[in-house]
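A.B. asks: So here's upload-v1.txt, just compact mmCIF, C-alpha atoms:
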# COMPACT_ATOMS: atom_id res chain seq x y z
CA MET A 195 -4.48 51.85 14.35
CA SER A 196 -6.01 55.01 13.16
CA SER A 197 -9.13 56.28 14.81
CA ALA A 198 -10.68 57.32 11.52
CA ALA A 199 -13.82 55.45 10.61
CA TRP A 200 -13.76 53.12 7.65
CA SER A 201 -14.91 54.66 4.44
CA PRO A 202 -15.71 52.86 1.24
CA PRO A 203 -13.25 53.26 -1.59
CA ALA A 204 -13.82 55.96 -4.10
CA ARG A 205 -16.43 55.23 -6.68
CA ILE A 206 -16.25 51.85 -8.37
CA SER A 207 -17.67 51.70 -11.82
CA GLY A 208 -20.40 49.18 -12.53
CA ALA A 209 -18.11 47.06 -14.73
CA SER A 210 -15.35 46.97 -12.10
CA TYR A 211 -17.83 46.08 -9.39
CA ALA A 212 -19.17 43.21 -11.51
CA ALA A 213 -15.63 41.96 -12.16
CA VAL A 214 -14.84 42.00 -8.45
CA ALA A 215 -18.11 40.18 -7.67
CA VAL A 216 -17.39 37.48 -10.27
CA THR A 217 -13.84 37.02 -8.99
CA MET A 218 -15.05 36.73 -5.39
CA ALA A 219 -17.71 34.21 -6.41
CA HIS A 220 -15.02 32.18 -8.19
CA TYR A 221 -12.85 32.12 -5.05
CA LYS A 222 -15.81 31.12 -2.89
CA ALA A 223 -16.64 28.24 -5.26
CA ALA A 224 -13.02 27.07 -5.25
CA ASP A 225 -12.88 27.34 -1.45
CA SER A 226 -16.13 25.39 -1.19
CA LYS A 227 -14.75 22.59 -3.39
CA ARG A 228 -11.53 22.52 -1.39
CA GLU A 229 -13.46 22.35 1.85
CA GLN A 230 -15.65 19.52 0.54
CA PHE A 231 -12.55 17.63 -0.58
CA ARG A 232 -10.84 18.20 2.79
CA ARG A 233 -13.91 16.86 4.61
CA TYR A 234 -13.96 13.84 2.29
CA LEU A 235 -10.29 13.10 3.06
CA GLU A 236 -10.93 13.54 6.76
CA LYS A 237 -13.99 11.25 6.81
CA SER A 238 -12.22 8.52 4.85
CA GLY A 239 -9.25 8.52 7.24
CA VAL A 240 -6.72 9.70 4.68
CA LEU A 241 -5.63 12.73 6.71
CA ASP A 242 -5.10 10.64 9.85
CA THR A 243 -3.13 7.98 7.98
CA LEU A 244 -0.92 10.51 6.21
CA THR A 245 -0.32 12.34 9.48
CA LYS A 246 0.69 9.13 11.25
CA VAL A 247 3.11 8.14 8.48
CA LEU A 248 4.64 11.61 8.34
CA VAL A 249 5.05 11.64 12.12
CA ALA A 250 6.72 8.22 11.92
CA LEU A 251 9.12 9.59 9.30
CA TYR A 252 9.80 12.64 11.46
CA GLU A 253 10.51 10.46 14.49
CA GLU A 254 12.87 8.11 12.61
CA PRO A 255 16.27 8.44 14.29
CA GLU A 256 18.08 7.79 11.02
CA LYS A 257 16.24 9.30 8.10
CA PRO A 258 15.84 6.92 5.14
CA THR A 259 17.63 7.80 1.92
CA SER A 260 14.30 7.92 0.13
CA ALA A 261 11.43 9.52 2.00
CA LEU A 262 9.09 8.53 -0.82
CA ASP A 263 9.99 4.84 -0.45
CA PHE A 264 9.43 5.16 3.31
CA LEU A 265 5.95 6.60 2.66
CA LYS A 266 5.13 3.93 0.08
CA HIS A 267 6.23 1.16 2.42
CA HIS A 268 4.27 2.45 5.39
CA LEU A 269 1.18 3.30 3.38
CA GLY A 270 1.32 -0.04 1.57
CA ALA A 271 1.20 -1.87 4.89
CA ALA A 272 -2.01 -0.08 5.80
CA THR A 273 -3.83 -0.78 2.55
CA PRO A 274 -5.84 -3.89 1.78
CA GLU A 275 -3.93 -6.62 0.00
CA ASN A 276 -3.64 -6.62 -3.72
CA PRO A 277 -5.83 -9.45 -5.14
CA GLU A 278 -2.90 -10.63 -7.25
CA ILE A 279 -0.79 -11.13 -4.13
CA GLU A 280 -3.54 -13.23 -2.55
CA LEU A 281 -3.74 -15.39 -5.70
CA LEU A 282 0.03 -15.91 -5.61
CA ARG A 283 -0.16 -16.94 -1.94
CA LEU A 284 -2.84 -19.50 -2.75
CA GLU A 285 -0.79 -20.82 -5.65
CA LEU A 286 2.27 -21.08 -3.41
CA ALA A 287 0.28 -23.06 -0.80
CA GLU A 288 -0.93 -25.46 -3.52
CA MET A 289 2.61 -25.91 -4.84
CA LYS A 290 3.90 -26.67 -1.33
CA GLU A 291 1.22 -29.35 -0.92
CA LYS A 292 2.12 -30.88 -4.29
CA TYR A 293 5.80 -30.81 -3.34
CA GLU A 294 5.15 -32.58 -0.03
CA ALA A 295 3.02 -35.20 -1.81
CA THR A 296 5.75 -35.74 -4.41
CA VAL A 297 8.42 -36.13 -1.71
CA GLU A 298 6.24 -38.70 0.09
CA GLU A 299 5.58 -40.59 -3.16
CA ASN A 300 9.30 -40.57 -3.91
CA LYS A 301 10.06 -42.14 -0.50
CA LYS A 302 7.49 -44.89 -1.10
CA LEU A 303 8.83 -45.64 -4.57
CA LYS A 304 12.40 -45.82 -3.29
CA ALA A 305 11.31 -48.25 -0.58
CA LYS A 306 9.46 -50.38 -3.16
CA LEU A 307 12.45 -50.32 -5.49
CA ALA A 308 14.74 -51.39 -2.66
CA GLN A 309 12.64 -54.60 -2.28
CA TYR A 310 13.40 -55.66 -5.85
CA GLU A 311 17.05 -54.64 -6.03
CA PRO A 312 19.70 -56.72 -4.33
CA PRO A 313 21.61 -54.90 -1.61
CA GLN A 314 24.75 -53.04 -2.73
CA GLU A 315 27.05 -55.69 -1.15
CA GLU A 316 25.58 -58.51 -3.27
CA LYS A 317 26.06 -56.44 -6.43
CA ARG A 318 29.78 -56.04 -5.68
CA ALA A 319 30.21 -59.79 -5.12
CA GLU A 320 28.91 -60.59 -8.58
What would you get if you wrote out this structure as structure tokens?

C.D. replies:
Amino acid sequence: MSSAAWSPPARISGASYAAVAVTMAHYKAADSKREQFRRYLEKSGVLDTLTKVLVALYEEPEKPTSALDFLKHHLGAATPENPEIELLRLELAEMKEKYEATVEENKKLKAKLAQYEPPQEEKRAE
């Protein structure tokens, strides 16, 4: 380092000084917005979640062929369920109940039908 004291630059014209001031104000505003956004992401847990998923990808012994698919899969597991998926699960449960009821009804009808039909051996004798 030099031991000379700092000296301001040679004269700056009024217009140049104003341009520098405007440019610096613009950078400060942009930095302020970035900082606000960063705090928002931090408060909402986005930064932690992304960090965890990226660490998991880093620690994978065999890297997946698609890092983006890996991220989507691991982030999708952490997000609340899609309402459409929940509706499909409910519909599936209803269909399973209807299926079980139909199978039970089919068994009863076969048993009832067997009462009115002669056994297979009697049919062959005729």

A.B. asks: Quick one: everything within 7 Å of range 241-249 of chain A, counting all atoms listed in the file, minus sequence neighbours fewer than 3 positions away in the same chain. Send it as a PyMOL selection string.

C.D. replies: chain A and resi 235-236+252-253+265+268

A.B. asks: Between CA of Ser238 in chain A and CA of Glu254 in chain A, what is the distance in Å, rounded to a tenth?

C.D. replies: 26.3 Å

A.B. asks: Would you work out the distance separating CA of Ala308 in chain A from CA of Lys292 in chain A, expressed in Å to one decimal?

C.D. replies: 24.1 Å

A.B. asks: Between CA of Pro313 in chain A and CA of Thr296 in chain A, measure the distance and give it in Å to one decimal.

C.D. replies: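 Rounded to one decimal, the two atoms are 25.0 Å apart.
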
A.B. asks: For Val240 in chain A, which residue out of A:Glu298, A:Leu269, A:Ala287, A:Pro312 is the nearest one, using only C-alpha atoms?

C.D. replies: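 Between A:Glu298, A:Leu269, A:Ala287, A:Pro312, the residue approaching Val240 in chain A most closely is A:Leu269.
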